[in-house]
>>> print(open('structure.txt').read())   # compact mmCIF, C-alpha atoms
# COMPACT_ATOMS: atom_id res chain seq x y z
CA MET A 1466 -19.99 -6.96 -7.85
CA ARG A 1467 -17.20 -5.79 -10.15
CA ILE A 1468 -14.11 -7.86 -10.76
CA HIS A 1469 -10.75 -6.47 -11.77
CA LEU A 1470 -7.92 -7.28 -14.14
CA PHE A 1471 -4.63 -5.42 -14.56
CA ILE A 1472 -2.79 -5.82 -17.85
CA LEU A 1473 0.85 -4.81 -18.07
CA SER A 1474 3.39 -4.40 -20.84
CA ASP A 1475 6.39 -6.57 -19.96
CA LEU A 1476 9.39 -4.35 -20.72
CA ASP A 1477 11.37 -5.91 -17.89
CA PRO A 1478 14.37 -8.23 -17.80
CA LEU A 1479 13.89 -10.29 -14.64
CA GLY A 1480 10.37 -9.87 -13.34
CA LEU A 1481 11.23 -6.81 -11.24
CA ASP A 1482 8.22 -4.91 -12.49
CA ASP A 1483 5.51 -6.79 -10.65
CA PRO A 1484 6.91 -6.56 -7.10
CA VAL A 1485 8.54 -3.13 -7.49
CA MET A 1486 5.99 -1.06 -9.35
CA TRP A 1487 3.20 -1.52 -6.80
CA GLY A 1488 5.14 0.67 -4.41
CA PHE A 1489 3.77 3.83 -5.98
CA PRO A 1490 1.79 6.08 -3.59
CA GLY A 1491 -1.78 5.06 -2.86
CA PHE A 1492 -1.48 1.39 -3.77
CA PRO A 1493 -2.26 -0.99 -0.86
CA SER A 1494 0.98 -2.96 -1.25
CA PHE A 1495 1.14 -4.03 2.40
CA ASP A 1496 -2.42 -5.37 2.65
CA ALA A 1497 -2.25 -9.08 1.75
CA ASN A 1498 -6.03 -9.28 1.31
CA LEU A 1499 -6.05 -6.48 -1.26
CA ALA A 1500 -2.81 -7.47 -3.00
CA ARG A 1501 -3.08 -8.58 -6.60
CA TRP A 1502 -2.86 -12.12 -7.94
CA VAL A 1503 -0.48 -12.44 -10.87
CA LEU A 1504 0.10 -14.95 -13.65
CA ALA A 1505 3.75 -16.05 -13.46
CA ALA A 1506 5.86 -18.19 -15.80
CA GLU A 1507 6.24 -21.67 -14.38
CA ASP A 1508 9.71 -22.17 -15.92
CA ILE A 1509 11.04 -19.05 -14.13
CA CYS A 1510 9.18 -18.75 -10.83
CA PHE A 1511 8.37 -22.40 -10.06
CA LYS A 1512 11.57 -24.24 -10.97
CA ASN A 1513 11.90 -25.93 -7.58
CA SER A 1514 9.99 -26.39 -4.32
CA VAL A 1515 11.64 -23.41 -2.59
CA LEU A 1516 10.79 -20.98 -5.39
CA SER A 1517 7.32 -22.45 -5.72
CA TYR A 1518 6.63 -21.91 -2.03
CA PHE A 1519 7.99 -18.35 -2.15
CA PHE A 1520 6.01 -17.27 -5.20
CA ARG A 1521 2.85 -18.98 -4.06
CA LEU A 1522 3.06 -16.93 -0.86
CA GLY A 1523 3.31 -13.89 -3.13
CA LYS A 1524 -0.06 -14.80 -4.75
CA CYS A 1525 1.50 -15.97 -8.02
CA ILE A 1526 -0.35 -18.42 -10.27
CA PRO A 1527 1.90 -20.75 -12.33
CA ILE A 1528 1.32 -20.60 -16.07
CA THR A 1529 3.05 -22.98 -18.48
CA ARG A 1530 4.20 -21.22 -21.64
CA GLY A 1531 2.76 -22.83 -24.73
CA ALA A 1532 0.18 -24.89 -22.84
CA GLY A 1533 -2.71 -22.82 -24.16
CA ILE A 1534 -5.52 -20.77 -22.68
CA TYR A 1535 -7.41 -23.73 -21.21
CA GLN A 1536 -4.58 -25.03 -19.04
CA GLU A 1537 -5.38 -25.96 -15.44
CA HIS A 1538 -4.25 -22.82 -13.63
CA MET A 1539 -6.24 -20.49 -15.88
CA ASN A 1540 -9.27 -21.86 -14.05
CA GLU A 1541 -7.65 -20.80 -10.79
CA ALA A 1542 -7.22 -17.28 -12.20
CA LEU A 1543 -10.91 -17.24 -13.17
CA GLU A 1544 -11.86 -18.36 -9.67
CA HIS A 1545 -9.99 -15.42 -8.13
CA LEU A 1546 -11.63 -13.03 -10.60
CA GLY A 1547 -14.98 -14.46 -9.63
CA ASN A 1548 -14.22 -13.68 -5.99
CA GLY A 1549 -13.65 -10.02 -6.85
CA ALA A 1550 -9.85 -10.10 -6.67
CA TRP A 1551 -7.38 -8.07 -8.73
CA LEU A 1552 -5.54 -10.19 -11.30
CA HIS A 1553 -2.34 -9.00 -12.98
CA THR A 1554 -1.40 -10.39 -16.42
CA PHE A 1555 1.35 -9.83 -19.00
CA PRO A 1556 -0.53 -10.19 -22.30
CA GLU A 1557 2.60 -10.08 -24.46
CA GLY A 1558 3.69 -13.35 -22.88
CA LYS A 1559 7.41 -12.59 -23.14
CA VAL A 1560 10.07 -10.63 -21.28
CA LEU A 1561 11.96 -8.05 -23.33
CA GLN A 1562 14.06 -4.94 -22.80
CA GLU A 1563 14.02 -3.15 -26.13
CA ASP A 1564 11.67 -0.19 -26.44
CA ALA A 1565 9.63 -1.38 -29.41
CA PRO A 1566 5.97 -1.20 -30.41
CA ILE A 1567 3.63 -3.47 -28.47
CA ARG A 1568 3.54 -6.81 -30.27
CA ARG A 1569 0.56 -9.01 -31.02
CA LEU A 1570 -0.85 -10.14 -27.70
CA LYS A 1571 -1.41 -13.69 -26.55
CA TRP A 1572 -5.05 -14.65 -26.14
CA GLY A 1573 -4.94 -15.67 -22.48
CA THR A 1574 -5.96 -12.25 -21.17
CA ALA A 1575 -8.79 -11.97 -23.70
CA SER A 1576 -10.07 -15.42 -22.73
CA LEU A 1577 -10.17 -14.42 -19.05
CA ILE A 1578 -12.20 -11.32 -19.93
CA VAL A 1579 -14.70 -13.40 -21.92
CA ARG A 1580 -14.98 -16.29 -19.46
CA ALA A 1581 -15.14 -14.22 -16.24
CA PRO A 1582 -18.54 -14.37 -14.49
CA VAL A 1583 -18.76 -10.56 -14.60
CA THR A 1584 -17.01 -8.40 -17.20
CA PRO A 1585 -13.87 -7.21 -15.41
CA ILE A 1586 -12.52 -3.71 -15.03
CA VAL A 1587 -9.49 -3.81 -17.34
CA LEU A 1588 -6.76 -1.35 -16.37
CA PRO A 1589 -3.87 -1.03 -18.87
CA ILE A 1590 -0.41 -0.19 -17.51
CA VAL A 1591 2.83 0.41 -19.41
CA HIS A 1592 6.18 1.02 -17.76
CA GLN A 1593 9.62 2.02 -18.96
CA GLY A 1594 12.97 2.08 -17.17
CA PHE A 1595 13.18 -1.33 -15.51
CA GLY A 1596 15.68 -2.33 -18.20
CA GLU A 1597 18.04 0.25 -16.68
CA VAL A 1598 17.60 -1.28 -13.23
CA MET A 1599 18.76 -4.75 -14.38
CA PRO A 1600 20.37 -4.25 -17.83
CA GLU A 1601 21.17 -7.44 -19.70
CA ASN A 1602 24.63 -6.30 -20.86
CA TYR A 1603 25.86 -4.45 -17.81
CA TRP A 1604 29.21 -6.19 -17.21
CA PHE A 1605 30.88 -8.46 -19.79
CA GLY A 1606 27.52 -9.34 -21.26
CA ARG A 1607 26.01 -10.18 -17.88
CA ARG A 1608 23.36 -8.61 -15.70
CA PRO A 1609 24.42 -6.88 -12.48
CA PRO A 1610 24.30 -9.09 -9.36
CA PHE A 1611 21.84 -6.69 -7.72
CA PRO A 1612 19.31 -4.13 -9.04
CA LEU A 1613 20.88 -0.74 -9.76
CA CYS A 1614 19.76 2.33 -7.82
CA ASN A 1615 18.91 5.89 -8.86
CA LYS A 1616 17.30 4.87 -12.14
CA ARG A 1617 14.23 6.60 -13.49
CA ILE A 1618 11.17 4.37 -13.83
CA ASN A 1619 8.15 5.66 -15.71
CA ILE A 1620 4.74 4.03 -15.06
CA VAL A 1621 1.73 5.08 -17.16
CA VAL A 1622 -1.71 3.93 -15.98
CA GLY A 1623 -4.43 4.32 -18.57
CA GLU A 1624 -8.17 4.66 -18.28
CA PRO A 1625 -10.16 1.41 -17.87
CA ILE A 1626 -10.83 -0.27 -21.21
CA GLU A 1627 -14.50 -0.85 -21.91
CA PHE A 1628 -15.73 -3.83 -23.92
CA GLU A 1629 -19.19 -4.19 -25.42
CA LEU A 1630 -19.03 -7.96 -25.05
CA PRO A 1631 -22.59 -8.79 -26.23
CA LYS A 1632 -21.98 -6.88 -29.47
CA MET A 1633 -18.47 -8.29 -29.86
CA ARG A 1634 -19.75 -11.84 -29.31
CA GLN A 1635 -22.37 -11.47 -32.03
CA MET A 1636 -19.81 -10.05 -34.46
CA ALA A 1637 -17.44 -12.93 -33.68
CA ILE A 1638 -20.18 -15.52 -34.28
CA SER A 1639 -21.06 -13.86 -37.58
CA MET A 1640 -17.40 -13.74 -38.71
CA SER A 1641 -16.80 -17.35 -37.66
CA ARG A 1642 -19.36 -18.64 -40.17
CA LYS A 1643 -17.04 -17.55 -42.99
CA LEU A 1644 -13.80 -18.88 -41.50
CA HIS A 1645 -12.17 -22.19 -40.76
CA PHE A 1646 -9.21 -22.89 -38.45
CA PRO A 1647 -7.54 -26.18 -37.53
CA SER A 1648 -9.08 -27.32 -34.25
CA LYS A 1649 -7.14 -27.02 -30.99
CA GLY A 1650 -9.76 -28.97 -29.09
CA TRP A 1651 -11.14 -26.02 -27.14
CA PRO A 1652 -14.45 -26.54 -25.35
CA SER A 1653 -17.39 -24.50 -26.61
CA ILE A 1654 -18.76 -21.70 -24.44
CA SER A 1655 -22.26 -22.98 -24.95
CA TYR A 1656 -24.17 -20.35 -22.96
CA TYR A 1657 -22.92 -17.70 -25.39
CA GLY A 1658 -23.03 -19.90 -28.49
CA LEU A 1659 -19.26 -19.57 -29.01
CA ASP A 1660 -17.63 -22.49 -30.74
CA GLU A 1661 -13.86 -22.60 -31.15
CA THR A 1662 -13.79 -20.50 -34.32
CA ALA A 1663 -16.03 -17.82 -32.78
CA GLN A 1664 -13.83 -17.76 -29.70
CA ARG A 1665 -10.77 -17.15 -31.86
CA CYS A 1666 -12.47 -14.25 -33.62
CA LEU A 1667 -13.55 -12.75 -30.30
CA TYR A 1668 -10.15 -13.17 -28.64
CA MET A 1669 -8.45 -11.56 -31.65
CA ALA A 1670 -10.78 -8.54 -31.51
CA ILE A 1671 -10.31 -8.04 -27.75
CA SER A 1672 -6.53 -8.51 -27.95
CA GLU A 1673 -6.25 -6.03 -30.80
CA LYS A 1674 -8.17 -3.43 -28.82
CA ILE A 1675 -5.94 -3.90 -25.78
CA GLN A 1676 -2.82 -3.79 -27.96
CA ASN A 1677 -3.85 -0.47 -29.52
CA VAL A 1678 -4.55 1.09 -26.12
CA MET A 1679 -1.23 -0.10 -24.71
CA GLU A 1680 0.71 1.15 -27.73
CA SER A 1681 -0.85 4.60 -27.22
CA LEU A 1682 0.25 4.48 -23.57
CA ARG A 1683 3.76 3.42 -24.58
CA CYS A 1684 4.07 6.41 -26.89
CA LEU A 1685 2.69 8.69 -24.18
CA GLY A 1686 5.22 7.34 -21.70
CA LYS A 1687 8.08 7.99 -24.13
CA SER A 1688 7.02 11.64 -24.38
CA PHE A 1689 7.39 11.97 -20.58
CA LEU A 1690 11.01 10.81 -20.78
CA LYS A 1691 12.10 13.44 -23.29
>>> encode(input="structure.txt", output="structure tokens")
Amino acid sequence: MRIHLFILSDLDPLGLDDPVMWGFPGFPSFDANLARWVLAAEDICFKNSVLSYFFRLGKCIPITRGAGIYQEHMNEALEHLGNGAWLHTFPEGKVLQEDAPIRRLKWGTASLIVRAPVTPIVLPIVHQGFGEVMPENYWFGRRPPFPLCNKRINIVVGEPIEFELPKMRQMAISMSRKLHFPSKGWPSISYYGLDETAQRCLYMAISEKIQNVMESLRCLGKSFLK
């Protein structure tokens, strides 16, 4: 069994990217069983019972910003990965519109890759143009009431990212012996011998690799728009 994980650069003002971009040809957007699960910000998508019901129907998993990588619903995401589902994450952890280099990634995506029962297929995706669909300063410093039409959206899908996790784990354990970080109270991943410091080293290495791949895709996407 192979399990799957999308990762997406969040260059989008209002969360339009996740529902809109899957309409490209060949993607099974109308098959609920094949549709992706997605990590969604609790303070945006789950503010009340109506929104919570709507986004839960859309296979969204509530994530609390700042609550760390071991919060309750990360276990739900791992469960779906373990069942062979597609999971969609935004590793930058923030919505932005400016076209700037990919920033340092949050460690949530890396932790899912490490803790998944089978190493997932990691598919990097970068998009550009959604900021033109819902620009932040469209009318007197406000966004338009509805998405704008006839705007060019560029979606770049990269090759799957491969991780040599056994080798990366050993390197992280070796590095961790020389380092010390204030404890966050993370549980050890005992079956791999990863204490909290080793986990940090491993998550940093995985996140840096993803960041470099996504920055290359961002630059490639910009060349298509010239």
>>> residues_around(input="structure.txt", residues="Ala1663 of chain A", least_positions_apart="5", cutoff="7 Å", atoms="only C-alpha atoms", output="list in words")
Ala1637, Ile1638 and Ser1641 of chain A
>>> closest_residue(input="structure.txt", among="A:Ser1688, A:Ser1655, A:Gln1593, A:Asn1548", to="Leu1499 of chain A", atoms="all atoms listed in the file")
A:Asn1548
>>> closest_atom_pairs(input="structure.txt", of="segment 1616-1674 of chain A", to="segment 1572-1578 of chain A", cutoff="12 Å", atoms="all atoms listed in the file", output="tab-separated table")
residue	atom	partner	partner_atom	distance
A:Ile1626	CA	A:Ile1578	CA	11.2
A:Glu1627	CA	A:Ile1578	CA	10.9
A:Phe1628	CA	A:Ile1578	CA	9.2
A:Glu1629	CA	A:Ile1578	CA	11.4
A:Leu1630	CA	A:Ile1578	CA	9.2
A:Trp1651	CA	A:Ser1576	CA	11.5
A:Ile1654	CA	A:Ser1576	CA	10.9
A:Leu1659	CA	A:Ser1576	CA	11.9
A:Glu1661	CA	A:Ser1576	CA	11.7
A:Ala1663	CA	A:Ser1576	CA	11.9
A:Gln1664	CA	A:Ser1576	CA	8.3
A:Arg1665	CA	A:Trp1572	CA	8.5
A:Cys1666	CA	A:Trp1572	CA	10.5
A:Leu1667	CA	A:Ala1575	CA	8.2
A:Tyr1668	CA	A:Ala1575	CA	5.3
A:Met1669	CA	A:Trp1572	CA	7.2
A:Ala1670	CA	A:Ala1575	CA	8.8
A:Ile1671	CA	A:Ala1575	CA	5.8
A:Ser1672	CA	A:Ala1575	CA	5.9
A:Glu1673	CA	A:Ala1575	CA	9.6
A:Lys1674	CA	A:Ala1575	CA	10.0
>>> atom_distance(input="structure.txt", atom1="atom CA of Asn1540 of chain A", atom2="atom CA of Pro1582 of chain A")
11.9 Å
>>> atom_distance(input="structure.txt", atom1="atom CA of Trp1502 of chain A", atom2="atom CA of Thr1554 of chain A")
8.8 Å
>>> atom_distance(input="structure.txt", atom1="atom CA of Ala1497 of chain A", atom2="atom CA of Gly1533 of chain A")
29.3 Å
